[in-house]
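Quick look at data_17.txt (compact mmCIF, C-alpha atoms and all ligand atoms):
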# COMPACT_ATOMS: atom_id res chain seq x y z
CA MET A 1 -51.59 -37.67 33.63
CA ASP A 2 -49.35 -37.24 30.59
CA THR A 3 -46.22 -35.76 32.12
CA ALA A 4 -44.62 -35.80 35.58
CA CYS A 5 -42.41 -32.86 36.57
CA ILE A 6 -40.22 -34.02 39.43
CA ASP A 7 -37.85 -31.88 41.48
CA LEU A 8 -34.41 -33.36 42.13
CA GLU A 9 -32.80 -32.13 45.36
CA GLY A 10 -34.83 -33.06 48.41
CA VAL A 11 -36.99 -35.47 46.39
CA LEU A 12 -34.74 -37.91 44.50
CA ILE A 13 -31.30 -36.87 45.71
CA PRO A 14 -30.06 -35.06 48.84
CA GLU A 15 -29.50 -31.29 48.98
CA LEU A 16 -26.11 -30.99 47.27
CA TRP A 17 -24.68 -27.74 48.68
CA PRO A 18 -24.96 -28.72 52.37
CA MET A 19 -23.40 -32.04 51.40
CA LEU A 20 -20.58 -30.21 49.64
CA ALA A 21 -20.13 -27.94 52.66
CA ASN A 22 -19.77 -31.01 54.81
CA ALA A 23 -17.34 -32.77 52.48
CA THR A 24 -15.09 -29.73 51.94
CA GLY A 25 -15.34 -28.18 55.42
CA ILE A 26 -16.44 -24.86 53.86
CA GLU A 27 -19.34 -24.16 56.15
CA GLU A 28 -20.61 -21.14 54.23
CA LEU A 29 -21.43 -23.34 51.25
CA SER A 30 -24.38 -24.65 53.22
CA LEU A 31 -26.17 -21.27 53.11
CA THR A 32 -29.47 -21.59 51.27
CA THR A 33 -32.13 -19.24 49.92
CA ARG A 34 -33.48 -19.14 53.45
CA GLU A 35 -30.46 -17.05 54.49
CA VAL A 36 -29.78 -15.43 51.09
CA PRO A 37 -33.20 -15.09 49.41
CA ASN A 38 -31.83 -13.97 46.05
CA TYR A 39 -30.83 -17.23 44.35
CA ARG A 40 -28.52 -15.62 41.81
CA ALA A 41 -26.67 -13.69 44.54
CA LEU A 42 -26.38 -16.92 46.52
CA MET A 43 -24.90 -18.72 43.51
CA GLU A 44 -22.36 -15.88 42.97
CA ARG A 45 -21.29 -16.31 46.57
CA ARG A 46 -20.97 -20.08 46.24
CA LEU A 47 -18.86 -19.83 43.08
CA HIS A 48 -16.63 -17.25 44.78
CA LEU A 49 -16.11 -19.61 47.73
CA LEU A 50 -15.21 -22.51 45.45
CA ARG A 51 -12.67 -20.40 43.57
CA GLN A 52 -11.22 -19.05 46.82
CA SER A 53 -10.72 -22.60 48.07
CA ASN A 54 -9.16 -23.67 44.76
CA LEU A 55 -11.95 -26.16 44.05
CA ARG A 56 -12.53 -26.95 40.38
CA LEU A 57 -15.61 -28.49 38.81
CA VAL A 58 -13.90 -31.87 38.86
CA ASP A 59 -13.44 -31.60 42.66
CA VAL A 60 -17.09 -30.69 43.14
CA GLN A 61 -18.14 -33.64 40.98
CA HIS A 62 -15.88 -35.97 42.94
CA HIS A 63 -17.73 -35.15 46.18
CA ILE A 64 -21.15 -35.39 44.55
CA ARG A 65 -20.41 -38.81 43.08
CA ALA A 66 -20.21 -40.06 46.66
CA ALA A 67 -23.77 -38.95 47.51
CA ASP A 68 -26.51 -41.50 48.03
CA LEU A 69 -29.81 -41.42 46.19
CA GLU A 70 -32.98 -41.28 48.25
CA PRO A 71 -33.96 -44.90 48.95
CA GLY A 72 -36.53 -46.05 46.39
CA ALA A 73 -35.89 -43.16 43.98
CA VAL A 74 -34.92 -45.35 41.04
CA GLU A 75 -37.88 -47.71 41.46
CA PHE A 76 -40.22 -44.73 41.79
CA LEU A 77 -38.98 -43.20 38.53
CA GLN A 78 -39.20 -46.51 36.74
CA ALA A 79 -42.80 -46.98 37.88
CA LEU A 80 -43.63 -43.44 36.76
CA GLU A 81 -42.05 -43.97 33.37
CA GLN A 82 -44.37 -46.90 32.75
CA ARG A 83 -47.22 -44.41 32.91
CA CYS A 84 -46.05 -41.13 31.44
CA GLU A 85 -43.26 -38.89 30.25
CA VAL A 86 -40.97 -37.88 33.15
CA LEU A 87 -39.16 -34.54 33.31
CA LEU A 88 -36.68 -33.78 36.10
CA VAL A 89 -37.17 -30.05 36.73
CA SER A 90 -34.40 -28.60 38.87
CA ASP A 91 -32.83 -25.27 39.87
CA ALA A 92 -29.48 -27.05 40.14
CA PHE A 93 -26.74 -27.06 37.46
CA SER A 94 -26.27 -29.86 34.95
CA GLN A 95 -22.55 -30.50 35.52
CA MET A 96 -23.16 -30.60 39.26
CA VAL A 97 -26.06 -33.06 39.27
CA GLU A 98 -24.90 -35.32 36.46
CA PRO A 99 -22.50 -37.40 38.59
CA ILE A 100 -25.56 -38.50 40.54
CA THR A 101 -28.38 -38.29 38.01
CA THR A 102 -26.65 -40.68 35.62
CA ARG A 103 -27.55 -43.28 38.25
CA ILE A 104 -31.26 -42.46 38.24
CA ARG A 105 -31.97 -41.47 34.67
CA VAL A 106 -33.60 -44.06 32.58
CA ARG A 107 -35.41 -42.29 29.77
CA ASN A 108 -36.30 -39.09 31.60
CA THR A 109 -35.13 -35.62 30.63
CA LEU A 110 -33.25 -33.23 32.90
CA LEU A 111 -34.28 -29.55 32.72
CA CYS A 112 -31.94 -27.36 34.76
CA HIS A 113 -29.30 -24.61 34.58
CA THR A 114 -25.70 -24.94 33.34
CA PHE A 115 -22.29 -23.71 34.47
CA SER A 116 -19.79 -22.03 32.23
CA ILE A 117 -16.32 -23.50 32.92
CA ASP A 118 -13.10 -21.56 32.32
CA GLY A 119 -9.89 -22.89 30.73
CA ASP A 120 -8.49 -23.91 34.12
CA GLY A 121 -11.54 -26.00 35.02
CA PHE A 122 -13.05 -23.54 37.49
CA ILE A 123 -16.77 -22.79 37.45
CA ASP A 124 -16.87 -19.38 35.87
CA ARG A 125 -20.50 -18.33 35.90
CA CYS A 126 -24.09 -19.56 35.82
CA LEU A 127 -26.03 -19.89 32.59
CA TYR A 128 -29.69 -19.86 33.63
CA ALA A 129 -32.42 -21.73 31.78
CA ALA A 130 -34.78 -19.44 29.88
CA ARG A 131 -37.73 -19.60 32.26
CA GLN A 132 -39.13 -17.44 35.06
CA GLY A 133 -39.72 -20.39 37.35
CA LYS A 134 -40.40 -24.10 37.20
CA GLU A 135 -44.10 -23.32 36.67
CA ASP A 136 -43.25 -22.17 33.13
CA VAL A 137 -42.44 -25.78 32.25
CA VAL A 138 -45.87 -26.89 33.52
CA LYS A 139 -47.76 -24.11 31.76
CA GLN A 140 -46.03 -24.84 28.48
CA LEU A 141 -47.03 -28.51 28.71
CA GLN A 142 -50.60 -27.60 29.62
CA SER A 143 -50.82 -25.23 26.66
CA LYS A 144 -50.26 -28.33 24.50
CA GLY A 145 -53.17 -30.04 26.26
CA ARG A 146 -51.06 -32.22 28.53
CA LYS A 147 -52.11 -33.10 32.09
CA VAL A 148 -49.26 -32.57 34.53
CA LEU A 149 -48.35 -34.09 37.87
CA ALA A 150 -45.64 -32.27 39.86
CA VAL A 151 -43.63 -33.17 42.96
CA GLY A 152 -41.29 -30.85 44.87
CA ASP A 153 -40.16 -30.05 48.39
CA ALA A 154 -39.35 -26.35 48.71
CA PHE A 155 -40.28 -22.72 48.04
CA ASN A 156 -38.93 -22.79 44.51
CA ASP A 157 -41.44 -25.55 43.72
CA LEU A 158 -44.62 -24.00 45.09
CA GLN A 159 -45.72 -22.22 41.91
CA MET A 160 -45.02 -25.33 39.87
CA LEU A 161 -47.11 -27.45 42.25
CA ARG A 162 -49.97 -24.95 42.21
CA SER A 163 -49.96 -24.78 38.41
CA ALA A 164 -49.94 -28.55 37.95
CA ASP A 165 -53.13 -30.61 37.61
CA ARG A 166 -51.84 -32.50 40.63
CA GLY A 167 -49.09 -31.06 42.80
CA TYR A 168 -47.53 -32.75 45.82
CA LEU A 169 -45.21 -31.34 48.48
CA PHE A 170 -42.68 -34.03 49.30
CA ARG A 171 -41.37 -34.03 52.91
CA PRO A 172 -41.38 -30.21 53.14
CA SER A 173 -39.77 -28.22 55.94
CA ALA A 174 -42.19 -26.73 58.48
CA THR A 175 -41.76 -23.28 56.90
CA THR A 176 -42.51 -24.50 53.39
CA ARG A 177 -45.57 -26.38 54.64
CA LEU A 178 -46.86 -23.22 56.33
CA ALA A 179 -46.35 -21.22 53.14
CA ALA A 180 -48.56 -23.61 51.17
CA PRO A 181 -51.23 -25.02 53.49
CA ASN A 182 -53.46 -26.07 50.58
CA LEU A 183 -50.99 -28.35 48.87
CA PRO A 184 -51.14 -32.04 49.81
CA VAL A 185 -48.09 -33.24 51.71
CA ILE A 186 -46.66 -36.68 51.13
CA GLU A 187 -43.95 -38.52 52.98
CA ASN A 188 -43.05 -41.30 50.56
CA TYR A 189 -43.14 -42.24 46.88
CA SER A 190 -45.83 -44.89 47.25
CA GLN A 191 -48.37 -42.21 48.21
CA ILE A 192 -47.96 -40.69 44.75
CA GLU A 193 -48.42 -44.07 43.11
CA GLU A 194 -51.57 -44.68 45.20
CA ALA A 195 -53.04 -41.31 44.25
CA TRP A 196 -52.36 -42.12 40.62
CA GLY A 197 -54.84 -44.94 40.80
CA HIS A 198 -57.74 -42.52 41.36
CA SER A 199 -59.30 -41.84 38.03
CA GLU A 200 -61.17 -38.62 38.82
CA PRO A 201 -59.25 -35.42 38.10
CA VAL A 202 -58.29 -33.45 41.21
CA LYS A 203 -57.32 -29.80 41.35
CA TRP A 204 -55.57 -29.38 44.68
CA GLN A 205 -56.24 -25.70 45.33
MG MG B 301 -35.87 -29.45 46.03

Let me see the structure of the file written as C-alpha cells.
Ligand SMILES: [Mg+2]
Amino acid sequence: MDTACIDLEGVLIPELWPMLANATGIEELSLTTREVPNYRALMERRLHLLRQSNLRLVDVQHHIRAADLEPGAVEFLQALEQRCEVLLVSDAFSQMVEPITTRIRVRNTLLCHTFSIDGDGFIDRCLYAARQGKEDVVKQLQSKGRKVLAVGDAFNDLQMLRSADRGYLFRPSATTRLAAPNLPVIENYSQIEEAWGHSEPVKWQ
C-alpha cells in the first residue's frame, strides 16, 4: 500500500456533534444524517442552532478541545506512517476538528471541509471541498498508480472503502454493516496492522 485514507470521526476521534449536543445541552445538535439524510441541510440546521444559542466558533472549539481521542489512535497513526503516506479524509470542518487533530497529527494531511466565519466570530456558512465523495480522493490516487488502503465507519465512507484496494469498516453500526455486507469489519487498529503483513493483494468486493 502507498497511501492510507483514514476517516476521523468514529475511527480516531469521537463523533463531535453528539458530543457538542451533550456539552451544550442543545439536544437537536445530535441529529445525524440518519434523521436528516441531506448532509448540507443538516449542516444548515446545525449552524442555525449554534447562532440561535449565541455560540461562536471559539465556544465550539472549547468544547471539542475537551474530547478524548480513541485509545491507541496516535500509536496506530504512527505505525501507519512508518509504512506509507497517511491522509485523514473527513466530512467534518477544519476549524472544528483542529482542536483535537493537532493532538494526533504527526506528518499526515487533513482533507476536509471548511467554515466561513463572520466578523463577530460566528460560523457563517460551509465551504465544501471540491469532491463528490471521499471516493474521489481514492480514485485520484489510484489514477497516479498508488495502492490505497481505506478505513471508515459510516455510510459516507462506503464508496471510499469499496473503491480502495483494501477497505475496512471500523466498528460500524448495525445499519451500516447491513448496507455493506461484503466489506470486512474490524474492531480494533491491530487488525489493520495484521492484515498489512499479508503480501498478496486483496480486493474486498
Ligand atoms: Mg466517521

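Considering only C-alpha atoms and all ligand atoms, the residue among A:Leu178, A:Leu88, A:Ala66, A:Leu31 positioned nearest to ligand MG 301 (chain B) is A:Leu88.
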
- Item | Which of A:Ala154, A:Trp17, A:Ile104, A:Asp91 sits closest to Thr175 in chain A [using all atoms listed in the file] | A:Ala154

- Can you work out which one of A:Arg107, A:Arg131, A:Gln61, A:Asn38 has the shortest atom-to-atom distance to Gln78 in chain A, counting only C-alpha atoms? A:Arg107

- Message: Using all atoms listed in the file, which residues of the polymer chains come no farther than 10 Å from ligand MG 301 (chain B)? I'd like the answer as a PyMOL selection string.
- Response: chain A and resi 6-16+89-92+151-157+169-172

- CA of Ile186 in chain A and CA of Lys144 in chain A, how far apart in Å?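 That distance, rounded to one decimal, is 28.1 Å.
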
- Task: Grab the CA of Val74 in chain A to CA of Arg105 in chain A distance for me, in Å with one decimal place.
- Result: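 Pair CA of Val74 in chain A / CA of Arg105 in chain A returns 8.0 Å.
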
- Query: Interatomic distance between CA of Leu87 in chain A and CA of Ala4 in chain A?
  - Reply: 6.0 Å

- Nearest-residue call for Arg83 in chain A, choices A:Thr102, A:Thr3, A:Thr114, A:Gln191, using only C-alpha atoms: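 Of A:Thr102, A:Thr3, A:Thr114, A:Gln191, the one nearest Arg83 in chain A is A:Thr3, counting only C-alpha atoms.
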
- Message: At a cut-off of 12 Å, using all atoms listed in the file, what residues contact Glu27 in chain A? Leave out same-chain residues fewer than 5 positions from it and give the result as a VMD selection string.
- Response: chain A and resid 17 to 22 32 46 49 to 50 53

- Looking at only C-alpha atoms, which of A:Leu29, A:Leu158, A:Cys5, A:Cys84 is the one that sits closest to Leu183 in chain A?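 Of all the options, A:Leu158 lies closest to Leu183 in chain A.
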
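Nearest residue to Gln82 in chain A, choosing from A:Ser190, A:Asn108, A:Ile64, A:Lys147 and counting all atoms listed in the file: A:Asn108.
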
Using 5 Å of padding on each side, determine the axis-aligned box around all atoms of range 99-108 of chain A present in the file and give its centre and edge lengths in Å to one decimal, as AutoDock Vina command-line options.
--center_x -29.4 --center_y -40.7 --center_z 35.2 --size_x 23.8 --size_y 16.7 --size_z 20.8

- Counting all atoms listed in the file, what is within 8 Å of Met43 in chain A, bar same-chain residues fewer than 4 positions away, as a list in words? Tyr39, Leu47 and Cys126 of chain A

- Query: Could you name the residues that touch Phe93 in chain A at 10 Å or less, counting all atoms listed in the file, but leaving out those on the same chain fewer than 2 positions away, as JSON, numbers by chain?
  - Reply: {"A": [90, 91, 95, 96, 97, 98, 111, 112, 113, 114, 115, 126, 127, 128, 129]}
